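Let me begin by presenting the structure, written as structure tokens, before commenting on it.
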Amino acid sequence: MTANTDTAPLLKATGLKQEFDVSKPLLNRLLERKPRQFLTAVDGVDFSVKPGETFALVGESGCGKSTIANMVVGLYKPTSGKIYFDSIDMSTIASHREEMKLRRRMSMIFQDPYASLNPRWRVTKIISEPIRAFGLLNEKQAILDRTAGLLRKVGLSARDGDKFPHEFSGGQRQRISIARALASEPEFIVCDEPTSALDVSVQAQILNLMSDLQRQFNLSYLFISHDLAVVRHMSDRVGVMYLGRLCETAQVDDLFNNPLHPYTRLLIDTIPDIEMTGRERTPVQGEIPNPMDPPKGCPFHPRCPLAEDHCRTTQPTLRSIGEGRSVACHAIA
Amino acid sequence: MNTPLLNVENLCIEFPTRRGTLVAVDDISFTINPGEIVGVVGESGAGKSLTGQSIIGLLEPPGRIAGGSIRLNDQRIDNLPENQMRKIRGKKIGMIFQDPLTSLNPLYTIGKQLIETIQTHTDMTVTQAREHAVNLLEEVGIPAAAKRIDHYPYQFSGGMRQRVVIALALCVNPLLIIADEPTTALDVSIQAQIITLLKKLCKDHGTAVILITHDMGVIAETADRVAVMYAGRLVEVGLVRQVVKQAAHPYAKGLMNAIPSLTKRVEKLTQIDGTMPGLKDIPNGCAFHPRCPDCMDICREKRPELTDIGPTQVACWSYHDCKH
């Protein structure tokens with residue numbers, strides 16, 4: 001951690017928690033005499049992203065990665081916990097103007113390039129929306145010039161601005177999403193599974209484009225993915241999530257060369273063996289528990305090969321074990 | 001050489017539209033031996049699923065087989081009337097679909113669906129069929145199978161549902177299973193379980209599998225041979241190890257290099273520029289030539305045939321001189 005302590009984090013989340021009310025309607029509750037029910041999607045997560053860094057959140061579906069993404073950009077309000085952007089607590093901002101000033105500096109790339117672009121808008125209008133919303137440019141011609149420049153930057157031609165989203169392939173649409181995310185000149189971009197809807201050859205193009213843009217504009221990414229190979233390629237640091245909690249955070253090389261948490265080991269072990277080393281593996285049994293009724297103690301204990309009695313009763317906390325690594329496991333001292 | 005189980009020759013699939021005919025699968029030929037797992041890989045729109053659907057006779061109109069033949073154990077199955085095809089479908093060829101939620105009927109218990117399939121193709125009584133179904137469910141790793149057999153699909157998780165679909169495909173011991181993206185809708189840890197299961201079951205039952213997927217990792221781990229498709233054509237067919245390690249066709253090479261590696265970190269991924277052409281503008285000559293780094297004059301004019309170059313079969317003019 002010594003090398004990085006001098007730079008203040010651009011984004012910092014502490015004790016982030018999100019509960020969703022999944023109760024039945026009031027009348028059903030009264031008739032069945034059942035209390036309200038809550039689903040804890042994210043439960044006490046801490047992490048930080050430094051300027052110019054890519055921090056990846058990885059985990060299986062339902063582990064809360066996308067919920068975190070939505071909280072960071074302000075689409076959900078956290079139930080508790082704080083998000084600091086550039087050392088400013090996002091929940092204490094009083095005026096709309098101040099908030100807009102901060103929001104301009106972060107944007108988001110969504111997973112599905114088919115659902116995240118308005119099919120009735122021309123590409124120029126889609127890309128220039130952040131420019132208009134934040135009032136960055138007023139003159140029509142200036143906005144047009146800027147969108148043309150953005151289109152060229154993501155590898156499309158300026159003339160593509162007159163087209164509609166349906167005229168583009170999945171990879172090209174994701175380029176449009178990236179251009180829109182760049183339109184407000186942000187420092188921080190949340191990428192929620194940006195390539196999982198794309199084919200591998202297109203995925204390589206998009207990942208390369210994202211790396212180039214990161215270098216060019218010194219962007220910070222919060223990169224969310226379930227694909228470990230992509231995470232390994234893109235990120236500097238990784239947080240592994242399971243059932244709404246972080247179970248391990250580490251520098252990317254440490255995590256892949258020497259995974260500590262049993263769940264991290266499981267995840268790395270389940271990647272299909274493309275290098276054909278001929279390694280035999282024993283897939284971990286069991287499935288992800290229902291988040292409505294998570295297991296007591298360590299959420300991973302029903303599937304964990306190392307589980308002891310202790311794990312079934314006490315929940316482990318994320319502890320730092322030096323060299324920028326933290327693990328939440330009783331078996332790892 | 002033993003006779004192949006499935007022999008596909010010069011298969012063409014087209015879609016007639018108002019603006020002319022679109023050729024979605026263009027003259028592909030391959031064989032599958034008994035008990036062999038063959039992977040079919042390619043980008044979306046390359047024609048992988050259509051090939052699978054045409055073999056089992058589930059091609060959706062207006063798509064139609066425009067030419068070529070499909071033979072199962074030397075019997076032509078591509079031109080059978082529907083009532084005869086129904087006897088083959090399920091009995092000799094099974095199918096596993098991508099989405100386990102939509103491929104099971106939500107209104108029937110899984111037991112009813114299994115028993116119905118078993119009774120359609122065999123002479124078993126209901127009791128026998130039920131017993132067989134319980135055994136199958138146990139074999140695919142569903143705990144408390146005797147109790148779970150009376151549950152509805154919604155009571156199962158995604159991974160368990162896919163196990164039920166596998167049991168359904170295997171229930172009358174077919175010769176061939178077509179698995180169309182069987183693990184795409186599942187999480188990685190569940191995917192590993194399903195792949196291991198599918199591989200083991202097919203080995204135990206001696207079933208051949210056509211594994212259609214876009215995930216090269218799944219194929220590398222499961223298949224014996226692999227066929228790479230591009231724009232409705234086969235570009236390379238060979239042993240999986242050969243194609244993964246030393247692909248010959250420039251597209252297959254590019255596809256392999258575009259996958260981020262877990263062992264070594266590179267500054268930039270190798271990318272194939274451009275995108276796969278749509279069905280209505282497949283270029284003349286080799287379909288890959290506009291994106292190919294080694295494009296020659298002949299590639300723009302004549303389409304390369306799939307030729308044997310020793311370790312693999314490749315459709316590329318650069319290898320034409322080393323024809324055996």
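Letters A, B, ... go to the chains of the structure tokens in the order shown; residues in each chain start at 1; ligands are counted from 1 in the same order.
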Practice problem: Compile the residues of chain B that lie within 9 Å of chain A, evaluated using only C-alpha atoms, and express the compilation as a PyMOL selection string. | Solution: chain B and resi 42-44+157+159+186-193+196+214-221+241+244-245+254-275
In stretch 53-279 of chain A, DSSP helix (DSSP H, G or I) residues written as a compact mmCIF listing (two decimals) with N, CA and C atoms, in the first residue's frame:
```txt
# COMPACT_ATOMS: atom_id res chain seq x y z
N LYS A 65 -22.93 -6.63 -7.46
CA LYS A 65 -21.99 -5.76 -8.17
C LYS A 65 -22.71 -4.61 -8.87
N SER A 66 -23.78 -4.94 -9.58
CA SER A 66 -24.48 -3.88 -10.32
C SER A 66 -25.19 -2.92 -9.39
N THR A 67 -25.64 -3.41 -8.24
CA THR A 67 -26.27 -2.52 -7.26
C THR A 67 -25.26 -1.47 -6.80
N ILE A 68 -24.02 -1.90 -6.59
CA ILE A 68 -22.99 -0.94 -6.20
C ILE A 68 -22.79 0.09 -7.31
N ALA A 69 -22.74 -0.38 -8.55
CA ALA A 69 -22.57 0.55 -9.67
C ALA A 69 -23.67 1.59 -9.66
N ASN A 70 -24.90 1.14 -9.45
CA ASN A 70 -26.03 2.06 -9.47
C ASN A 70 -26.00 3.04 -8.30
N MET A 71 -25.49 2.57 -7.16
CA MET A 71 -25.39 3.49 -6.01
C MET A 71 -24.32 4.55 -6.26
N VAL A 72 -23.21 4.12 -6.87
CA VAL A 72 -22.10 5.05 -7.08
C VAL A 72 -22.52 6.19 -8.01
N MET A 90 -21.19 12.50 -0.91
CA MET A 90 -22.24 12.72 -1.89
C MET A 90 -23.60 12.94 -1.23
N SER A 91 -23.81 12.40 -0.02
CA SER A 91 -25.15 12.49 0.58
C SER A 91 -25.37 13.85 1.25
N THR A 92 -24.30 14.63 1.46
CA THR A 92 -24.48 15.90 2.18
C THR A 92 -24.63 17.09 1.25
N HIS A 96 -28.76 21.57 -5.79
CA HIS A 96 -28.78 20.85 -7.05
C HIS A 96 -27.58 21.22 -7.91
N ARG A 97 -27.19 22.50 -7.82
CA ARG A 97 -26.08 22.96 -8.66
C ARG A 97 -24.78 22.26 -8.30
N GLU A 98 -24.56 22.15 -6.98
CA GLU A 98 -23.35 21.47 -6.52
C GLU A 98 -23.34 20.02 -6.98
N GLU A 99 -24.51 19.41 -6.88
CA GLU A 99 -24.61 18.00 -7.24
C GLU A 99 -24.32 17.81 -8.73
N MET A 100 -24.90 18.68 -9.55
CA MET A 100 -24.67 18.58 -10.99
C MET A 100 -23.19 18.71 -11.31
N LYS A 101 -22.52 19.57 -10.55
CA LYS A 101 -21.09 19.79 -10.77
C LYS A 101 -20.31 18.50 -10.54
N LEU A 102 -20.70 17.77 -9.49
CA LEU A 102 -20.02 16.50 -9.21
C LEU A 102 -20.43 15.42 -10.19
N ARG A 103 -21.72 15.36 -10.47
CA ARG A 103 -22.23 14.32 -11.36
C ARG A 103 -21.62 14.41 -12.75
N VAL A 123 -28.08 9.37 -33.28
CA VAL A 123 -26.87 9.20 -32.49
C VAL A 123 -26.35 10.54 -31.95
N THR A 124 -26.40 11.58 -32.79
CA THR A 124 -25.91 12.89 -32.33
C THR A 124 -26.67 13.36 -31.09
N LYS A 125 -27.99 13.14 -31.11
CA LYS A 125 -28.79 13.58 -29.97
C LYS A 125 -28.46 12.76 -28.72
N ILE A 126 -28.22 11.44 -28.94
CA ILE A 126 -27.89 10.57 -27.81
C ILE A 126 -26.58 11.03 -27.16
N ILE A 127 -25.59 11.26 -28.03
CA ILE A 127 -24.26 11.59 -27.48
C ILE A 127 -24.25 12.98 -26.87
N SER A 128 -25.03 13.89 -27.43
CA SER A 128 -24.97 15.27 -26.93
C SER A 128 -25.86 15.49 -25.71
N GLU A 129 -26.60 14.45 -25.30
CA GLU A 129 -27.50 14.65 -24.17
C GLU A 129 -26.77 15.12 -22.90
N PRO A 130 -25.65 14.46 -22.53
CA PRO A 130 -24.94 14.96 -21.34
C PRO A 130 -24.46 16.40 -21.52
N ILE A 131 -24.06 16.77 -22.73
CA ILE A 131 -23.57 18.14 -22.96
C ILE A 131 -24.69 19.13 -22.69
N ARG A 132 -25.90 18.77 -23.17
CA ARG A 132 -27.04 19.67 -22.96
C ARG A 132 -27.50 19.64 -21.51
N ALA A 133 -27.53 18.44 -20.93
CA ALA A 133 -28.03 18.32 -19.56
C ALA A 133 -27.17 19.10 -18.57
N LYS A 140 -25.40 25.51 -31.13
CA LYS A 140 -25.73 24.28 -31.83
C LYS A 140 -24.51 23.72 -32.58
N GLN A 141 -23.83 24.63 -33.28
CA GLN A 141 -22.69 24.16 -34.08
C GLN A 141 -21.58 23.60 -33.19
N ALA A 142 -21.36 24.23 -32.04
CA ALA A 142 -20.32 23.76 -31.13
C ALA A 142 -20.65 22.36 -30.63
N ILE A 143 -21.94 22.13 -30.34
CA ILE A 143 -22.35 20.79 -29.88
C ILE A 143 -22.13 19.77 -30.98
N LEU A 144 -22.51 20.14 -32.22
CA LEU A 144 -22.31 19.22 -33.35
C LEU A 144 -20.85 18.88 -33.54
N ASP A 145 -19.98 19.90 -33.45
CA ASP A 145 -18.56 19.66 -33.63
C ASP A 145 -18.03 18.73 -32.56
N ARG A 146 -18.52 18.97 -31.35
CA ARG A 146 -18.05 18.15 -30.23
C ARG A 146 -18.48 16.68 -30.40
N THR A 147 -19.75 16.44 -30.79
CA THR A 147 -20.19 15.05 -30.97
C THR A 147 -19.44 14.39 -32.12
N ALA A 148 -19.16 15.14 -33.17
CA ALA A 148 -18.40 14.58 -34.29
C ALA A 148 -17.03 14.15 -33.80
N GLY A 149 -16.42 15.00 -32.97
CA GLY A 149 -15.11 14.66 -32.42
C GLY A 149 -15.17 13.41 -31.56
N LEU A 150 -16.24 13.29 -30.75
CA LEU A 150 -16.39 12.12 -29.89
C LEU A 150 -16.57 10.85 -30.72
N LEU A 151 -17.37 10.96 -31.79
CA LEU A 151 -17.59 9.80 -32.65
C LEU A 151 -16.28 9.32 -33.25
N ARG A 152 -15.46 10.28 -33.71
CA ARG A 152 -14.18 9.89 -34.29
C ARG A 152 -13.28 9.25 -33.24
N LYS A 153 -13.35 9.79 -32.03
CA LYS A 153 -12.51 9.27 -30.95
C LYS A 153 -12.80 7.80 -30.64
N ALA A 158 -17.91 10.75 -38.35
CA ALA A 158 -18.77 11.86 -37.94
C ALA A 158 -20.15 11.76 -38.59
N ARG A 159 -20.21 11.15 -39.78
CA ARG A 159 -21.49 11.03 -40.48
C ARG A 159 -22.45 10.06 -39.79
N ASP A 160 -21.89 9.15 -38.95
CA ASP A 160 -22.74 8.20 -38.25
C ASP A 160 -23.70 8.88 -37.29
N GLY A 161 -23.43 10.14 -36.98
CA GLY A 161 -24.28 10.87 -36.05
C GLY A 161 -25.71 11.03 -36.54
N ASP A 162 -25.91 10.98 -37.87
CA ASP A 162 -27.26 11.15 -38.41
C ASP A 162 -28.08 9.87 -38.38
N PRO A 165 -29.81 4.19 -33.71
CA PRO A 165 -29.08 3.07 -33.11
C PRO A 165 -29.28 1.73 -33.84
N HIS A 166 -30.47 1.48 -34.40
CA HIS A 166 -30.69 0.16 -35.00
C HIS A 166 -29.83 -0.09 -36.22
N GLU A 167 -29.21 0.98 -36.75
CA GLU A 167 -28.38 0.80 -37.93
C GLU A 167 -26.98 0.30 -37.58
N GLY A 170 -23.79 -4.55 -32.46
CA GLY A 170 -23.62 -4.48 -31.01
C GLY A 170 -22.35 -3.75 -30.59
N GLY A 171 -21.25 -4.07 -31.25
CA GLY A 171 -19.98 -3.44 -30.90
C GLY A 171 -19.99 -1.95 -31.18
N GLN A 172 -20.60 -1.57 -32.32
CA GLN A 172 -20.66 -0.15 -32.68
C GLN A 172 -21.57 0.61 -31.70
N ARG A 173 -22.65 -0.05 -31.27
CA ARG A 173 -23.53 0.61 -30.30
C ARG A 173 -22.79 0.84 -28.99
N GLN A 174 -21.96 -0.14 -28.60
CA GLN A 174 -21.22 0.05 -27.36
C GLN A 174 -20.23 1.20 -27.53
N ARG A 175 -19.72 1.41 -28.76
CA ARG A 175 -18.87 2.58 -29.00
C ARG A 175 -19.66 3.87 -28.81
N ILE A 176 -20.92 3.85 -29.26
CA ILE A 176 -21.77 5.04 -29.07
C ILE A 176 -21.98 5.29 -27.57
N SER A 177 -22.22 4.21 -26.81
CA SER A 177 -22.37 4.36 -25.35
C SER A 177 -21.14 4.98 -24.73
N ILE A 178 -19.97 4.55 -25.22
CA ILE A 178 -18.72 5.09 -24.68
C ILE A 178 -18.60 6.56 -25.03
N ALA A 179 -18.96 6.90 -26.27
CA ALA A 179 -18.90 8.31 -26.68
C ALA A 179 -19.81 9.16 -25.80
N ARG A 180 -20.99 8.64 -25.49
CA ARG A 180 -21.92 9.38 -24.63
C ARG A 180 -21.34 9.54 -23.23
N ALA A 181 -20.69 8.45 -22.74
CA ALA A 181 -20.11 8.52 -21.41
C ALA A 181 -18.99 9.56 -21.35
N LEU A 182 -18.31 9.76 -22.49
CA LEU A 182 -17.19 10.70 -22.51
C LEU A 182 -17.63 12.14 -22.72
N VAL A 200 -16.36 -12.30 -28.72
CA VAL A 200 -14.97 -12.09 -28.28
C VAL A 200 -14.16 -11.17 -29.17
N SER A 201 -14.33 -11.28 -30.49
CA SER A 201 -13.48 -10.45 -31.35
C SER A 201 -13.88 -8.98 -31.21
N VAL A 202 -15.17 -8.73 -31.00
CA VAL A 202 -15.65 -7.36 -30.79
C VAL A 202 -15.26 -6.91 -29.38
N GLN A 203 -15.33 -7.83 -28.43
CA GLN A 203 -14.93 -7.52 -27.06
C GLN A 203 -13.49 -7.00 -27.03
N ALA A 204 -12.61 -7.65 -27.80
CA ALA A 204 -11.21 -7.21 -27.82
C ALA A 204 -11.12 -5.77 -28.32
N GLN A 205 -11.91 -5.43 -29.36
CA GLN A 205 -11.89 -4.05 -29.87
C GLN A 205 -12.32 -3.06 -28.80
N ILE A 206 -13.41 -3.39 -28.09
CA ILE A 206 -13.95 -2.46 -27.09
C ILE A 206 -12.99 -2.32 -25.91
N LEU A 207 -12.42 -3.43 -25.46
CA LEU A 207 -11.48 -3.36 -24.33
C LEU A 207 -10.26 -2.53 -24.71
N ASN A 208 -9.76 -2.73 -25.93
CA ASN A 208 -8.60 -1.94 -26.37
C ASN A 208 -8.95 -0.45 -26.41
N LEU A 209 -10.16 -0.15 -26.94
CA LEU A 209 -10.60 1.25 -27.00
C LEU A 209 -10.66 1.84 -25.60
N MET A 210 -11.21 1.07 -24.65
CA MET A 210 -11.34 1.59 -23.29
C MET A 210 -9.98 1.83 -22.66
N SER A 211 -9.01 0.95 -22.91
CA SER A 211 -7.66 1.16 -22.38
C SER A 211 -7.03 2.41 -22.98
N ASP A 212 -7.19 2.58 -24.30
CA ASP A 212 -6.62 3.76 -24.97
C ASP A 212 -7.19 5.04 -24.38
N LEU A 213 -8.53 5.06 -24.21
CA LEU A 213 -9.17 6.27 -23.69
C LEU A 213 -8.73 6.54 -22.26
N GLN A 214 -8.54 5.48 -21.49
CA GLN A 214 -8.10 5.66 -20.11
C GLN A 214 -6.75 6.36 -20.06
N ARG A 215 -5.83 5.91 -20.93
CA ARG A 215 -4.51 6.54 -20.97
C ARG A 215 -4.61 7.98 -21.44
N GLN A 216 -5.42 8.18 -22.48
CA GLN A 216 -5.52 9.49 -23.09
C GLN A 216 -6.11 10.54 -22.14
N PHE A 217 -7.14 10.16 -21.38
CA PHE A 217 -7.82 11.14 -20.53
C PHE A 217 -7.58 10.93 -19.04
N LEU A 228 -13.55 -13.40 -15.48
CA LEU A 228 -12.26 -13.19 -14.82
C LEU A 228 -11.14 -12.87 -15.79
N ALA A 229 -11.20 -13.44 -17.00
CA ALA A 229 -10.15 -13.17 -17.96
C ALA A 229 -10.16 -11.69 -18.34
N VAL A 230 -11.35 -11.13 -18.51
CA VAL A 230 -11.46 -9.71 -18.85
C VAL A 230 -10.97 -8.86 -17.68
N VAL A 231 -11.34 -9.25 -16.46
CA VAL A 231 -10.92 -8.51 -15.28
C VAL A 231 -9.40 -8.52 -15.16
N ARG A 232 -8.82 -9.68 -15.37
CA ARG A 232 -7.36 -9.79 -15.30
C ARG A 232 -6.72 -8.85 -16.31
N HIS A 233 -7.31 -8.78 -17.51
CA HIS A 233 -6.71 -7.95 -18.55
C HIS A 233 -6.84 -6.46 -18.25
N MET A 234 -7.99 -6.06 -17.71
CA MET A 234 -8.28 -4.63 -17.62
C MET A 234 -7.84 -3.96 -16.32
N VAL A 252 -4.20 -7.04 -8.90
CA VAL A 252 -4.68 -8.07 -9.82
C VAL A 252 -3.73 -9.26 -9.91
N ASP A 253 -2.42 -9.01 -9.96
CA ASP A 253 -1.48 -10.14 -10.10
C ASP A 253 -1.48 -11.02 -8.86
N ASP A 254 -1.53 -10.37 -7.68
CA ASP A 254 -1.56 -11.16 -6.44
C ASP A 254 -2.78 -12.05 -6.41
N LEU A 255 -3.92 -11.47 -6.82
CA LEU A 255 -5.16 -12.22 -6.73
C LEU A 255 -5.13 -13.45 -7.63
N PHE A 256 -4.60 -13.30 -8.83
CA PHE A 256 -4.63 -14.43 -9.75
C PHE A 256 -3.50 -15.42 -9.49
N ASN A 257 -2.35 -14.91 -9.03
CA ASN A 257 -1.24 -15.84 -8.79
C ASN A 257 -1.40 -16.57 -7.46
N PRO A 262 -11.30 -18.88 -0.17
CA PRO A 262 -11.75 -20.09 -0.87
C PRO A 262 -12.68 -19.79 -2.04
N TYR A 263 -13.48 -18.72 -1.92
CA TYR A 263 -14.37 -18.41 -3.05
C TYR A 263 -13.59 -17.90 -4.24
N THR A 264 -12.56 -17.10 -3.99
CA THR A 264 -11.71 -16.63 -5.09
C THR A 264 -11.06 -17.83 -5.79
N ARG A 265 -10.59 -18.77 -4.97
CA ARG A 265 -9.97 -19.97 -5.55
C ARG A 265 -10.97 -20.71 -6.40
N LEU A 266 -12.21 -20.83 -5.90
CA LEU A 266 -13.26 -21.50 -6.66
C LEU A 266 -13.48 -20.80 -8.00
N LEU A 267 -13.60 -19.47 -7.94
CA LEU A 267 -13.88 -18.72 -9.17
C LEU A 267 -12.78 -18.94 -10.19
N ILE A 268 -11.53 -18.85 -9.73
CA ILE A 268 -10.41 -18.98 -10.66
C ILE A 268 -10.34 -20.41 -11.18
N ASP A 269 -10.71 -21.35 -10.33
CA ASP A 269 -10.64 -22.74 -10.75
C ASP A 269 -11.72 -23.10 -11.77
```
Could I get the residues of stretch 256-310 of chain B with an atom no further than 9 Å from an atom of stretch 226-238 of chain B, each paired with its nearest atom pair and that distance in Å to one decimal, using only C-alpha atoms, sorted by chain and residue number, as CSV?
```
residue,atom,partner,partner_atom,distance
B:Met276,CA,B:Ala231,CA,6.7
B:Pro277,CA,B:Ala231,CA,6.9
B:Gly278,CA,B:Ala231,CA,7.8
B:Leu279,CA,B:Ala231,CA,7.4
B:Ile282,CA,B:Ala231,CA,7.4
B:Ala287,CA,B:Ala231,CA,6.8
B:Phe288,CA,B:Tyr230,CA,7.7
B:Glu305,CA,B:Val235,CA,8.8
B:Leu306,CA,B:Val235,CA,6.9
```
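Rounded to one decimal, atom CA of B:Pro34 and atom CA of B:Pro4 lie 6.6 Å from each other.
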Quiz item: Hey, what's within 12 Å of stretch 316-326 of chain A if we count only C-alpha atoms and toss same-chain stuff fewer than 6 positions away? As a ChimeraX atom specification, please?
Solution: /A:1-5,15,43-48,236-241,245-255,258-261,296-301,307,310,332-333
Exercise. Please provide as a ChimeraX atom specification all residues within 12 Å of B:Gln155, with the sequence filter that same-chain residues fewer than 2 positions apart are discarded (counting only C-alpha atoms).
Key: /B:101,106-110,148-153,157-161,164
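Rounded to one decimal, atom CA of A:Asp309 and atom CA of B:Glu138 lie 29.7 Å from each other.
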Self-check item: Those of stretch 2-183 of chain B in DSSP strand (DSSP E or B), formatted as a ChimeraX atom specification
Solution: /B:6-17,20-32,37-41,64-72,75-76,89,93-96,176-180
Quiz item: Near A:Ser220, within 6 Å and counting only C-alpha atoms, which residues show up once chain neighbours fewer than 4 positions away are dropped, as a PyMOL selection string?
Solution: chain A and resi 51-54+188
Mind writing the picked residues with C-alpha atoms as a compact mmCIF listing (two decimals), in the first residue's frame?
```txt
# COMPACT_ATOMS: atom_id res chain seq x y z
CA PRO A 51 -7.20 8.51 -9.98
CA GLY A 52 -6.21 6.74 -13.21
CA GLU A 53 -6.84 3.33 -11.71
CA THR A 54 -9.16 0.52 -12.75
CA PHE A 188 -14.55 8.55 -13.47
```
Practice problem: Might you pull out every residue within 12 Å of stretch 93-95 of chain B, with only C-alpha atoms counted and same-chain residues fewer than 6 positions away left off, and present them as a VMD selection string? | Solution: chain B and resid 5 to 6 49 52 to 58 72 to 73 77 85 to 87 103 117 121 162 165 to 182 202 207 to 212
